[in-house]
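Quick look at start.tsv (TSV, C-alpha atoms and all ligand atoms):
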```
chain	number	residue	atom	x	y	z
A	1	MET	CA	95.36	178.56	275.18
A	2	ILE	CA	94.66	177.35	278.72
A	3	ALA	CA	92.75	179.84	280.89
A	4	SER	CA	94.22	180.58	284.33
A	5	PRO	CA	93.28	178.38	287.29
A	6	PRO	CA	90.12	179.38	289.15
A	7	ALA	CA	90.61	181.58	292.21
A	8	SER	CA	91.18	179.72	295.46
A	9	GLN	CA	88.08	181.26	297.03
A	10	ALA	CA	85.85	179.88	294.26
A	11	VAL	CA	87.48	176.47	294.72
A	12	SER	CA	86.91	176.58	298.50
A	13	LEU	CA	83.24	177.37	298.00
A	14	ALA	CA	82.84	174.60	295.40
A	15	ILE	CA	84.50	171.85	297.46
A	16	GLU	CA	82.68	172.82	300.64
A	17	ALA	CA	79.34	172.83	298.81
A	18	ALA	CA	80.14	169.44	297.21
A	19	HIS	CA	81.10	167.97	300.57
A	20	LYS	CA	77.92	169.24	302.20
A	21	GLN	CA	75.70	168.14	299.34
A	22	PHE	CA	77.04	164.60	298.90
A	23	SER	CA	78.13	163.50	302.39
A	24	GLY	CA	74.57	162.33	303.05
A	25	ASN	CA	74.54	160.12	299.95
A	26	ASN	CA	74.64	156.51	301.14
A	27	ASP	CA	74.57	154.78	297.76
A	28	GLY	CA	77.16	152.15	296.90
A	29	LYS	CA	79.15	149.71	299.00
A	30	ASN	CA	82.77	149.35	300.04
A	31	ALA	CA	84.72	146.88	297.92
A	32	SER	CA	84.40	143.50	299.62
A	33	TYR	CA	86.57	141.24	297.48
A	34	ILE	CA	89.63	142.47	299.36
A	35	PRO	CA	88.82	141.97	303.09
A	36	TYR	CA	90.72	145.08	304.29
A	37	LEU	CA	88.66	147.39	302.08
A	38	ALA	CA	85.36	146.11	303.47
A	39	SER	CA	86.43	147.23	306.95
A	40	VAL	CA	87.16	150.91	306.14
A	41	PRO	CA	84.46	153.22	307.64
A	42	SER	CA	82.01	154.05	304.83
A	43	HIS	CA	81.15	157.51	306.11
A	44	LEU	CA	84.65	158.89	305.45
A	45	PHE	CA	84.63	161.61	302.81
A	46	GLY	CA	87.36	164.06	301.91
A	47	ILE	CA	87.98	166.36	298.96
A	48	ALA	CA	91.27	168.12	298.17
A	49	VAL	CA	92.22	170.35	295.27
A	50	GLY	CA	95.88	170.76	294.35
A	51	PHE	CA	96.85	173.78	292.25
A	52	ILE	CA	99.82	174.01	289.90
A	53	ASP	CA	101.43	176.53	292.28
A	54	GLY	CA	101.54	173.89	295.03
A	55	THR	CA	98.62	175.24	297.09
A	56	VAL	CA	96.19	172.60	298.38
A	57	ILE	CA	92.63	173.35	299.57
A	58	GLU	CA	90.86	170.65	301.58
A	59	VAL	CA	87.56	169.72	303.19
A	60	GLY	CA	86.57	166.67	305.23
A	61	ASP	CA	88.64	163.51	305.78
A	62	THR	CA	91.65	164.50	303.71
A	63	SER	CA	94.30	163.13	306.09
A	64	TYR	CA	92.86	159.61	306.36
A	65	GLU	CA	95.28	157.13	304.77
A	66	PHE	CA	93.52	154.82	302.33
A	67	ALA	CA	94.69	152.13	299.91
A	68	ILE	CA	95.76	153.63	296.59
A	69	GLU	CA	94.63	150.51	294.66
A	70	SER	CA	94.18	151.09	290.93
A	71	ILE	CA	95.26	154.71	291.07
A	72	SER	CA	98.77	153.24	291.42
A	73	LYS	CA	98.48	152.17	287.76
A	74	VAL	CA	98.92	155.79	286.68
A	75	PHE	CA	102.26	156.14	288.47
A	76	THR	CA	103.66	152.80	287.28
A	77	LEU	CA	102.61	153.84	283.78
A	78	ALA	CA	104.51	157.13	284.31
A	79	LEU	CA	107.59	155.22	285.43
A	80	VAL	CA	107.60	152.88	282.45
A	81	ILE	CA	106.77	155.52	279.85
A	82	GLU	CA	109.80	157.44	281.12
A	83	GLN	CA	111.99	154.35	280.95
A	84	ILE	CA	111.04	152.75	277.63
A	85	GLY	CA	109.22	155.55	275.79
A	86	ALA	CA	105.62	156.09	274.75
A	87	GLU	CA	105.82	154.20	271.46
A	88	ALA	CA	107.39	151.08	272.98
A	89	LEU	CA	104.74	151.05	275.69
A	90	ARG	CA	101.96	151.41	273.15
A	91	GLU	CA	103.38	148.56	271.08
A	92	LYS	CA	103.88	146.22	274.08
A	93	VAL	CA	100.78	146.99	276.16
A	94	GLY	CA	98.45	149.07	273.97
A	95	ALA	CA	96.61	152.39	274.19
A	96	ASP	CA	92.91	151.75	273.78
A	97	PRO	CA	89.91	151.38	276.06
A	98	THR	CA	88.70	147.81	276.67
A	99	GLY	CA	85.07	148.73	277.41
A	100	LEU	CA	85.06	145.86	279.91
A	101	PRO	CA	85.55	145.53	283.69
A	102	PHE	CA	88.99	146.23	285.16
A	103	ASN	CA	89.80	142.57	285.75
A	104	SER	CA	88.24	141.19	282.57
A	105	VAL	CA	89.63	138.01	281.06
A	106	MET	CA	87.26	138.39	278.14
A	107	ALA	CA	89.01	141.64	277.16
A	108	LEU	CA	92.21	139.64	276.74
A	109	ALA	CA	90.48	136.84	274.86
A	110	LEU	CA	89.01	139.37	272.41
A	111	HIS	CA	92.42	140.88	271.58
A	112	ASN	CA	94.77	137.90	271.27
A	113	GLY	CA	96.00	138.39	274.83
A	114	LYS	CA	97.03	142.03	274.36
A	115	PRO	CA	95.94	144.10	277.38
A	116	LEU	CA	95.21	147.33	275.40
A	117	SER	CA	95.47	149.66	278.41
A	118	PRO	CA	98.05	150.08	281.20
A	119	LEU	CA	95.12	151.11	283.42
A	120	VAL	CA	93.31	147.77	283.57
A	121	ASN	CA	94.66	144.93	285.71
A	122	ALA	CA	96.13	142.98	282.79
A	123	GLY	CA	97.84	146.03	281.30
A	124	ALA	CA	99.05	147.20	284.70
A	125	MET	CA	100.74	143.85	285.36
A	126	SER	CA	102.22	143.89	281.88
A	127	THR	CA	103.45	147.44	282.55
A	128	ALA	CA	104.89	146.41	285.94
A	129	SER	CA	106.82	143.66	284.13
A	130	LEU	CA	108.41	146.36	281.95
A	131	VAL	CA	109.89	148.37	284.84
A	132	GLN	CA	113.61	148.39	284.07
A	133	GLY	CA	115.44	146.94	287.05
A	134	LYS	CA	117.83	144.21	288.06
A	135	ASP	CA	115.22	142.10	289.86
A	136	ALA	CA	111.70	142.20	291.25
A	137	GLU	CA	112.77	143.98	294.47
A	138	ASP	CA	114.52	146.68	292.45
A	139	ARG	CA	111.41	147.11	290.27
A	140	TRP	CA	109.23	147.34	293.38
A	141	ARG	CA	111.50	149.99	294.94
A	142	GLN	CA	111.19	152.06	291.78
A	143	ILE	CA	107.37	151.77	291.77
A	144	LEU	CA	107.21	152.91	295.39
A	145	ASN	CA	109.73	155.66	294.76
A	146	MET	CA	107.66	156.95	291.82
A	147	GLN	CA	104.54	157.16	294.00
A	148	SER	CA	106.57	159.03	296.64
A	149	ARG	CA	108.02	161.51	294.13
A	150	PHE	CA	104.55	162.28	292.79
A	151	ALA	CA	103.22	162.81	296.32
A	152	GLY	CA	106.27	164.76	297.49
A	153	ARG	CA	106.59	162.62	300.60
A	154	ARG	CA	107.62	159.06	301.40
A	155	ILE	CA	104.71	156.72	300.61
A	156	SER	CA	104.67	153.37	302.44
A	157	LEU	CA	103.35	149.90	301.84
A	158	SER	CA	100.59	148.82	304.23
A	159	GLN	CA	101.47	145.29	305.34
A	160	GLU	CA	97.84	144.79	306.27
A	161	VAL	CA	96.47	145.78	302.85
A	162	ASN	CA	99.19	143.85	301.06
A	163	GLN	CA	98.49	140.72	303.08
A	164	SER	CA	94.78	141.09	302.37
A	165	GLU	CA	95.44	141.48	298.63
A	166	GLN	CA	98.16	138.87	298.20
A	167	THR	CA	96.07	136.17	299.85
A	168	THR	CA	93.05	136.85	297.62
A	169	ASN	CA	94.56	137.81	294.23
A	170	PHE	CA	94.03	134.46	292.48
A	171	HIS	CA	92.16	136.05	289.57
A	172	ASN	CA	95.04	138.44	288.89
A	173	ARG	CA	97.52	135.56	289.04
A	174	GLY	CA	95.43	133.81	286.39
A	175	ILE	CA	95.52	136.94	284.22
A	176	ALA	CA	99.31	137.13	284.67
A	177	TRP	CA	99.70	133.62	283.25
A	178	ILE	CA	97.39	134.40	280.30
A	179	LEU	CA	99.59	137.40	279.53
A	180	TYR	CA	102.67	135.21	279.72
A	181	SER	CA	101.20	132.74	277.25
A	182	SER	CA	100.25	135.52	274.82
A	183	GLY	CA	103.69	137.16	274.95
A	184	ALA	CA	102.51	140.32	276.74
A	185	MET	CA	104.29	139.60	280.04
A	186	TYR	CA	107.90	140.76	280.06
A	187	SER	CA	109.16	139.30	283.36
A	188	ASP	CA	108.26	136.35	285.53
A	189	PRO	CA	104.42	136.58	285.66
A	190	ILE	CA	104.03	135.91	289.37
A	191	GLU	CA	106.74	138.44	290.20
A	192	ALA	CA	104.93	141.05	288.09
A	193	CYS	CA	101.62	140.20	289.80
A	194	ASP	CA	103.35	140.48	293.18
A	195	ILE	CA	104.85	143.93	292.57
A	196	TYR	CA	101.63	145.15	290.94
A	197	THR	CA	99.73	144.00	294.04
A	198	ARG	CA	102.22	145.74	296.34
A	199	GLY	CA	101.84	148.90	294.27
A	200	CYS	CA	98.07	148.77	294.96
A	201	SER	CA	98.70	148.29	298.70
A	202	THR	CA	100.30	151.59	299.60
A	203	LEU	CA	98.52	154.22	301.68
A	204	ILE	CA	97.84	157.76	300.53
A	205	THR	CA	95.59	160.61	301.66
A	206	ALA	CA	93.29	162.77	299.53
A	207	LYS	CA	95.81	165.56	300.04
A	208	ASP	CA	98.60	163.34	298.64
A	209	LEU	CA	96.41	162.47	295.69
A	210	ALA	CA	95.72	166.14	294.99
A	211	ILE	CA	99.47	166.81	294.80
A	212	MET	CA	100.04	163.69	292.66
A	213	GLY	CA	97.37	164.93	290.26
A	214	ALA	CA	98.66	168.51	290.37
A	215	THR	CA	102.01	167.13	289.19
A	216	LEU	CA	100.28	165.89	286.03
A	217	ALA	CA	98.31	169.14	285.72
A	218	ASN	CA	101.65	170.95	285.97
A	219	GLY	CA	103.22	169.15	282.99
A	220	GLY	CA	105.13	166.58	285.07
A	221	ILE	CA	106.77	168.86	287.67
A	222	ASN	CA	105.70	168.32	291.28
A	223	PRO	CA	104.45	171.81	292.23
A	224	VAL	CA	105.42	171.36	295.90
A	225	THR	CA	108.92	169.86	295.61
A	226	LYS	CA	109.54	171.46	292.17
A	227	GLU	CA	111.08	168.17	291.01
A	228	ARG	CA	110.46	167.14	287.40
A	229	ILE	CA	108.99	163.64	287.61
A	230	VAL	CA	107.81	163.09	284.03
A	231	GLN	CA	108.95	164.67	280.78
A	232	SER	CA	106.32	167.12	279.59
A	233	ALA	CA	105.98	165.18	276.31
A	234	ASN	CA	104.83	162.08	278.20
A	235	VAL	CA	102.13	163.80	280.26
A	236	PRO	CA	99.54	163.92	277.43
A	237	HIS	CA	99.99	160.18	276.89
A	238	ILE	CA	99.32	159.49	280.57
A	239	LEU	CA	96.29	161.79	280.62
A	240	SER	CA	94.90	160.24	277.45
A	241	GLU	CA	95.13	156.77	279.01
A	242	MET	CA	93.25	158.15	282.03
A	243	MET	CA	90.62	159.59	279.75
A	244	MET	CA	90.12	156.31	277.90
A	245	GLU	CA	90.15	153.85	280.78
A	246	GLY	CA	90.51	155.73	284.08
A	247	LEU	CA	87.08	154.77	285.38
A	248	TYR	CA	86.83	151.42	283.58
A	249	THR	CA	83.38	150.78	282.08
A	250	ALA	CA	82.22	154.17	283.36
A	251	SER	CA	85.02	156.11	281.62
A	252	GLY	CA	82.69	157.40	278.91
A	253	ASP	CA	80.00	158.51	281.36
A	254	TRP	CA	82.62	160.22	283.50
A	255	LEU	CA	84.03	162.11	280.54
A	256	TYR	CA	80.53	163.09	279.41
A	257	SER	CA	79.73	164.67	282.76
A	258	VAL	CA	83.10	165.70	284.24
A	259	GLY	CA	85.07	166.40	281.06
A	260	LEU	CA	88.46	165.68	282.63
A	261	PRO	CA	90.92	162.77	282.59
A	262	GLY	CA	90.39	160.76	285.77
A	263	LYS	CA	91.40	157.68	287.70
A	264	SER	CA	89.70	155.71	290.42
A	265	GLY	CA	90.66	152.95	292.84
A	266	VAL	CA	88.57	150.42	294.74
A	267	GLY	CA	89.95	151.92	297.98
A	268	GLY	CA	87.57	154.85	297.34
A	269	GLY	CA	90.09	157.30	295.92
A	270	ILE	CA	89.34	159.23	292.75
A	271	LEU	CA	91.34	161.82	290.82
A	272	ALA	CA	90.48	164.33	288.09
A	273	VAL	CA	93.13	166.41	286.35
A	274	ALA	CA	92.50	169.81	284.74
A	275	PRO	CA	95.68	170.33	282.68
A	276	GLY	CA	97.47	173.60	283.35
A	277	LYS	CA	95.21	174.35	286.32
A	278	LEU	CA	94.63	171.90	289.13
A	279	ALA	CA	93.69	168.41	290.26
A	280	ILE	CA	90.61	167.35	292.20
A	281	ALA	CA	91.11	164.39	294.56
A	282	ALA	CA	88.36	162.77	296.58
A	283	PHE	CA	88.16	159.84	298.95
A	284	SER	CA	84.97	158.03	299.92
A	285	PRO	CA	84.89	154.22	300.16
A	286	PRO	CA	81.42	153.20	298.89
A	287	LEU	CA	81.62	152.19	295.21
A	288	ASP	CA	79.15	151.77	292.39
A	289	GLU	CA	78.86	148.65	290.21
A	290	ALA	CA	81.80	149.71	288.02
A	291	GLY	CA	84.09	150.00	291.08
A	292	ASN	CA	84.20	153.81	291.33
A	293	SER	CA	83.56	155.96	294.43
A	294	VAL	CA	79.96	157.19	294.38
A	295	ARG	CA	80.49	160.39	296.36
A	296	GLY	CA	83.83	160.97	294.65
A	297	GLN	CA	82.26	160.96	291.20
A	298	LEU	CA	79.43	163.25	292.29
A	299	ALA	CA	81.89	165.67	293.87
A	300	ALA	CA	84.17	165.72	290.82
A	301	GLU	CA	81.23	166.37	288.50
A	302	TYR	CA	79.90	169.17	290.70
A	303	ILE	CA	83.29	170.85	291.12
A	304	SER	CA	84.16	170.56	287.44
A	305	GLN	CA	80.85	172.17	286.49
A	306	GLN	CA	81.03	174.92	289.14
A	307	LEU	CA	84.57	175.86	288.16
A	308	LYS	CA	84.03	175.35	284.40
A	309	LEU	CA	86.90	172.90	284.14
A	310	ASN	CA	85.54	170.70	281.31
A	311	ILE	CA	88.35	170.57	278.74
A	312	PHE	CA	85.86	170.33	275.88
A	313	ALA	CA	84.15	173.58	276.86
A	314	PRO	CA	86.53	176.42	276.00
A	315	GLY	CA	86.31	179.61	278.03
A	401	LIG	O1	93.87	144.36	291.16
A	401	LIG	C1	92.98	144.59	291.98
A	401	LIG	O2	91.96	143.96	291.98
A	401	LIG	C2	93.13	145.71	292.99
A	401	LIG	N1	94.31	145.58	293.70
A	401	LIG	C3	93.00	147.05	292.36
A	401	LIG	C4	91.76	147.19	291.56
A	401	LIG	C5	91.17	148.53	291.50
A	401	LIG	O3	91.38	149.43	292.29
A	401	LIG	C6	90.18	148.69	290.42
A	401	LIG	N2	89.44	149.88	290.60
A	401	LIG	N3	88.68	150.62	290.56
```

With the file now loaded, output its structure as structure tokens.
Ligand code: DON
Amino acid sequence: MIASPPASQAVSLAIEAAHKQFSGNNDGKNASYIPYLASVPSHLFGIAVGFIDGTVIEVGDTSYEFAIESISKVFTLALVIEQIGAEALREKVGADPTGLPFNSVMALALHNGKPLSPLVNAGAMSTASLVQGKDAEDRWRQILNMQSRFAGRRISLSQEVNQSEQTTNFHNRGIAWILYSSGAMYSDPIEACDIYTRGCSTLITAKDLAIMGATLANGGINPVTKERIVQSANVPHILSEMMMEGLYTASGDWLYSVGLPGKSGVGGGILAVAPGKLAIAAFSPPLDEAGNSVRGQLAAEYISQQLKLNIFAPG
């Protein structure tokens, strides 16, 4: 049985303490391989918690719009799992951690070109190619619409981020062609790479991310709009993918210390979901070697411990 969510006052105290404690941490560096991301002010730091009743508690820079990046993979996964079903997705893309960096070609080479996870670049492009639509524009509209439904407001593409990504995404284009040659790409590979890249180039705030995560914590119903976005049966599949691969090579360490399914993006966003309770969202651009927000991870660990959210620690 899931215990009730922690009281909002305890959450306020925990997020304020985390913000105070970690805002002075200057470890890590902004992602630099996408020029736009290098230019985002490194001091920005916001934490938001979204509850399953739709309440959001915030501290710091929670209205700054940042690039969603890899966190988009969760919502494209949600779209495709709804459209083709969990078993078809597992058969076509896979459901296992790679243990290798998010853009690893070696991971593909080791598994006959099968991506294993919808949450690494290869698997996310393969998943984007499975969006059921009449053409690439239709598939893109659905990806954007899914992000918007999770956030409960219209999410937009940043032309600036997209331009910065599309003109530097040669490695991902290479991965798209490898997938095509191994039979794990289900549309034109460059179209799939293009819509995947656009999906990474939308702007969200930490508050949006808290609501997106709270939708998963709430069994697939957006707690603010009350719209059902994902069937409840599909939510555990999405959360288990996040648990296995949400923070790439650091997924195990994250689980060991935070004890919650999570997802990060190189834009500095990070999300942790406590099923049946709440979601913790943080934004802080400097990243560690694995590509995960340094302050975001520290904050999530602190908050999870303070509020006893670890799903492996009953009571
Ligand atoms: O595919 C890429 O390289 C980026 N658009 C997204 C990568 C990302 O966010 C990985 N994250 N931690």

Which residues of region 22-59 of chain A have any atom within 9 Å of an atom in region 283-295 of chain A when counting all atoms listed in the file, and what is the closest pair of atoms for each, with the distance in Å to one decimal? Order the rows by chain and rising number and write it as a Markdown table.
```
| residue | atom | partner | partner_atom | distance |
| --- | --- | --- | --- | --- |
| A:Phe22 | CA | A:Arg295 | CA | 6.0 |
| A:Ser23 | CA | A:Arg295 | CA | 7.2 |
| A:Asn25 | CA | A:Arg295 | CA | 7.0 |
| A:Asn26 | CA | A:Pro286 | CA | 7.9 |
| A:Asp27 | CA | A:Val294 | CA | 6.8 |
| A:Gly28 | CA | A:Leu287 | CA | 4.8 |
| A:Lys29 | CA | A:Pro286 | CA | 4.2 |
| A:Asn30 | CA | A:Pro286 | CA | 4.2 |
| A:Ala31 | CA | A:Leu287 | CA | 6.7 |
| A:Leu37 | CA | A:Pro285 | CA | 8.0 |
| A:Ala38 | CA | A:Pro285 | CA | 8.8 |
| A:Val40 | CA | A:Pro285 | CA | 7.2 |
| A:Pro41 | CA | A:Pro285 | CA | 7.6 |
| A:Ser42 | CA | A:Pro285 | CA | 5.5 |
| A:His43 | CA | A:Ser284 | CA | 7.3 |
| A:Leu44 | CA | A:Ser284 | CA | 5.6 |
| A:Phe45 | CA | A:Ser284 | CA | 4.6 |
| A:Gly46 | CA | A:Phe283 | CA | 5.2 |
| A:Ile47 | CA | A:Phe283 | CA | 6.5 |
| A:Ala48 | CA | A:Phe283 | CA | 8.9 |
```

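Minimum atom-to-atom distances from A:Ala206, A:Val11, A:Cys193, A:Ala217 to Gly296 (chain A) were compared using only C-alpha atoms, and the lowest value belongs to A:Ala206.
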
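Residues in contact with Gly183 (chain A) at up to 12 Å, not including ones fewer than 2 positions away on its chain and judged by all atoms listed in the file, are Lys92, Val93, Leu108, Asn112, Gly113, Lys114, Pro115, Ser126, Ser129, Ala176, Trp177, Ile178, Leu179, Tyr180, Ser181, Met185, Tyr186, Ser187, Asp188 and Pro189 of chain A.
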
With a cut-off of 6 Å, could you pull out the residues of chain A touching ligand LIG 401 (chain A) and give me the nearest pair of atoms for each, distance in Å to one decimal, using all atoms listed in the file, ordered by chain and ascending number, as a Markdown table?
```
| residue | atom | partner | partner_atom | distance |
| --- | --- | --- | --- | --- |
| A:Glu69 | CA | A:LIG401 | O3 | 4.2 |
| A:Ser70 | CA | A:LIG401 | O3 | 3.5 |
| A:Phe102 | CA | A:LIG401 | C6 | 5.9 |
| A:Asn121 | CA | A:LIG401 | O1 | 5.5 |
| A:Thr197 | CA | A:LIG401 | N1 | 5.7 |
| A:Cys200 | CA | A:LIG401 | N1 | 5.1 |
| A:Ser264 | CA | A:LIG401 | N3 | 5.2 |
| A:Gly265 | CA | A:LIG401 | O3 | 3.6 |
| A:Val266 | CA | A:LIG401 | O3 | 3.9 |
| A:Gly291 | CA | A:LIG401 | N3 | 4.7 |
| A:Asn292 | CA | A:LIG401 | N3 | 5.6 |
```

Output C-alpha atoms of each residue in that selection to a file, as an mmCIF file, in the frame of the given file.
```cif
data_model
loop_
_atom_site.group_PDB
_atom_site.id
_atom_site.type_symbol
_atom_site.label_atom_id
_atom_site.label_comp_id
_atom_site.auth_asym_id
_atom_site.auth_seq_id
_atom_site.Cartn_x
_atom_site.Cartn_y
_atom_site.Cartn_z
ATOM 1 C CA GLU A 69 94.630 150.510 294.660
ATOM 2 C CA SER A 70 94.180 151.090 290.930
ATOM 3 C CA PHE A 102 88.990 146.230 285.160
ATOM 4 C CA ASN A 121 94.660 144.930 285.710
ATOM 5 C CA THR A 197 99.730 144.000 294.040
ATOM 6 C CA CYS A 200 98.070 148.770 294.960
ATOM 7 C CA SER A 264 89.700 155.710 290.420
ATOM 8 C CA GLY A 265 90.660 152.950 292.840
ATOM 9 C CA VAL A 266 88.570 150.420 294.740
ATOM 10 C CA GLY A 291 84.090 150.000 291.080
ATOM 11 C CA ASN A 292 84.200 153.810 291.330
#
```

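Atom to atom, CA of Ile175 (chain A) and CA of Tyr196 (chain A) stand 12.2 Å apart.
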
Could you tell me how far CA of Thr127 (chain A) sits from CA of Ala184 (chain A), in Å to one decimal place?
9.2 Å

List the neighbours of Val273 (chain A) out to 10 Å using only C-alpha atoms; skip same-chain residues closer than 2 positions along the sequence, and give me the result as a VMD selection string.
chain A and resid 49 to 50 210 212 to 218 239 242 to 243 259 to 263 271 275 to 281 304 309 311

Produce a file of the selected residues containing C-alpha atoms, as a PDB file, in the coordinates of the input.
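Output file result33.pdb follows:
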```pdb
ATOM      1  CA  VAL A  49      92.220 170.350 295.270  1.00  0.00           C
ATOM      2  CA  GLY A  50      95.880 170.760 294.350  1.00  0.00           C
ATOM      3  CA  ALA A 210      95.720 166.140 294.990  1.00  0.00           C
ATOM      4  CA  MET A 212     100.040 163.690 292.660  1.00  0.00           C
ATOM      5  CA  GLY A 213      97.370 164.930 290.260  1.00  0.00           C
ATOM      6  CA  ALA A 214      98.660 168.510 290.370  1.00  0.00           C
ATOM      7  CA  THR A 215     102.010 167.130 289.190  1.00  0.00           C
ATOM      8  CA  LEU A 216     100.280 165.890 286.030  1.00  0.00           C
ATOM      9  CA  ALA A 217      98.310 169.140 285.720  1.00  0.00           C
ATOM     10  CA  ASN A 218     101.650 170.950 285.970  1.00  0.00           C
ATOM     11  CA  LEU A 239      96.290 161.790 280.620  1.00  0.00           C
ATOM     12  CA  MET A 242      93.250 158.150 282.030  1.00  0.00           C
ATOM     13  CA  MET A 243      90.620 159.590 279.750  1.00  0.00           C
ATOM     14  CA  GLY A 259      85.070 166.400 281.060  1.00  0.00           C
ATOM     15  CA  LEU A 260      88.460 165.680 282.630  1.00  0.00           C
ATOM     16  CA  PRO A 261      90.920 162.770 282.590  1.00  0.00           C
ATOM     17  CA  GLY A 262      90.390 160.760 285.770  1.00  0.00           C
ATOM     18  CA  LYS A 263      91.400 157.680 287.700  1.00  0.00           C
ATOM     19  CA  LEU A 271      91.340 161.820 290.820  1.00  0.00           C
ATOM     20  CA  PRO A 275      95.680 170.330 282.680  1.00  0.00           C
ATOM     21  CA  GLY A 276      97.470 173.600 283.350  1.00  0.00           C
ATOM     22  CA  LYS A 277      95.210 174.350 286.320  1.00  0.00           C
ATOM     23  CA  LEU A 278      94.630 171.900 289.130  1.00  0.00           C
ATOM     24  CA  ALA A 279      93.690 168.410 290.260  1.00  0.00           C
ATOM     25  CA  ILE A 280      90.610 167.350 292.200  1.00  0.00           C
ATOM     26  CA  ALA A 281      91.110 164.390 294.560  1.00  0.00           C
ATOM     27  CA  SER A 304      84.160 170.560 287.440  1.00  0.00           C
ATOM     28  CA  LEU A 309      86.900 172.900 284.140  1.00  0.00           C
ATOM     29  CA  ILE A 311      88.350 170.570 278.740  1.00  0.00           C
TER      30      ILE A 311
END
```

For each of A:Ile221, A:Val230, A:Ala18, A:Ile71, take the minimum atom-to-atom distance to Asp53 (chain A), counting all atoms listed in the file, then give the residue where this is smallest.
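Looking only at the distances to Asp53 (chain A), the closest residue turns out to be A:Ile221.
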
Which residues of region 77-182 of chain A sit at most 12 Å from region 251-255 of chain A, using only C-alpha atoms? Give each one's shortest atom pair and distance in Å (one decimal place), in chain and ascending residue order, as JSON lines.
```
{"residue": "A:Asp96", "atom": "CA", "partner": "A:Ser251", "partner_atom": "CA", "distance": 11.9}
{"residue": "A:Pro97", "atom": "CA", "partner": "A:Ser251", "partner_atom": "CA", "distance": 8.8}
{"residue": "A:Thr98", "atom": "CA", "partner": "A:Ser251", "partner_atom": "CA", "distance": 10.3}
{"residue": "A:Gly99", "atom": "CA", "partner": "A:Ser251", "partner_atom": "CA", "distance": 8.5}
{"residue": "A:Leu100", "atom": "CA", "partner": "A:Ser251", "partner_atom": "CA", "distance": 10.4}
{"residue": "A:Pro101", "atom": "CA", "partner": "A:Ser251", "partner_atom": "CA", "distance": 10.8}
{"residue": "A:Phe102", "atom": "CA", "partner": "A:Ser251", "partner_atom": "CA", "distance": 11.2}
{"residue": "A:Leu119", "atom": "CA", "partner": "A:Ser251", "partner_atom": "CA", "distance": 11.4}
{"residue": "A:Val120", "atom": "CA", "partner": "A:Ser251", "partner_atom": "CA", "distance": 11.9}
```

Residues within 10 Å of (102.6, 142.9, 299.1), counting only C-alpha atoms, listed as a list in words
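Residues with an atom at most 10 Å from (102.6, 142.9, 299.1): Trp140, Leu157, Ser158, Gln159, Glu160, Val161, Asn162, Gln163, Ser164, Glu165, Gln166, Thr167, Cys193, Asp194, Ile195, Tyr196, Thr197, Arg198, Gly199, Cys200, Ser201 and Thr202 of chain A.
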
Counting all atoms listed in the file, which residue out of A:Ala17, A:Val59, A:Ala124, A:Met244 sits closest to Asn103 (chain A)?
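Among A:Ala17, A:Val59, A:Ala124, A:Met244, it is A:Ala124 that comes nearest to Asn103 (chain A).
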
Using all atoms listed in the file, the shortest atom-to-atom distance to Ala233 (chain A) among A:Ile270, A:Ala78, A:Leu247, A:Met146 belongs to A:Ala78

CA of Pro118 (chain A) to CA of Gln132 (chain A): how many Å, to one decimal?
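Going from CA of Pro118 (chain A) over to CA of Gln132 (chain A), I get 15.9 Å.
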
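In this comparison, which uses only C-alpha atoms, the residue of A:Pro236, A:Phe170, A:Val258, A:Lys20 approaching Ala313 (chain A) most closely is A:Val258.
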
Ranking A:Leu79, A:Leu110, A:Leu130, A:Ala7 by minimum distance to Ile143 (chain A) and counting all atoms listed in the file, which one comes first?
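Nearest candidate to Ile143 (chain A) out of A:Leu79, A:Leu110, A:Leu130, A:Ala7: A:Leu79.
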
Size and centre in Å, one decimal, axis-aligned box, all listed region 48-57 of chain A atoms plus 8 Å per side, as JSON:
```
{"center_x": 96.4, "center_y": 172.3, "center_z": 294.7, "size_x": 26.3, "size_y": 24.4, "size_z": 25.7}
```
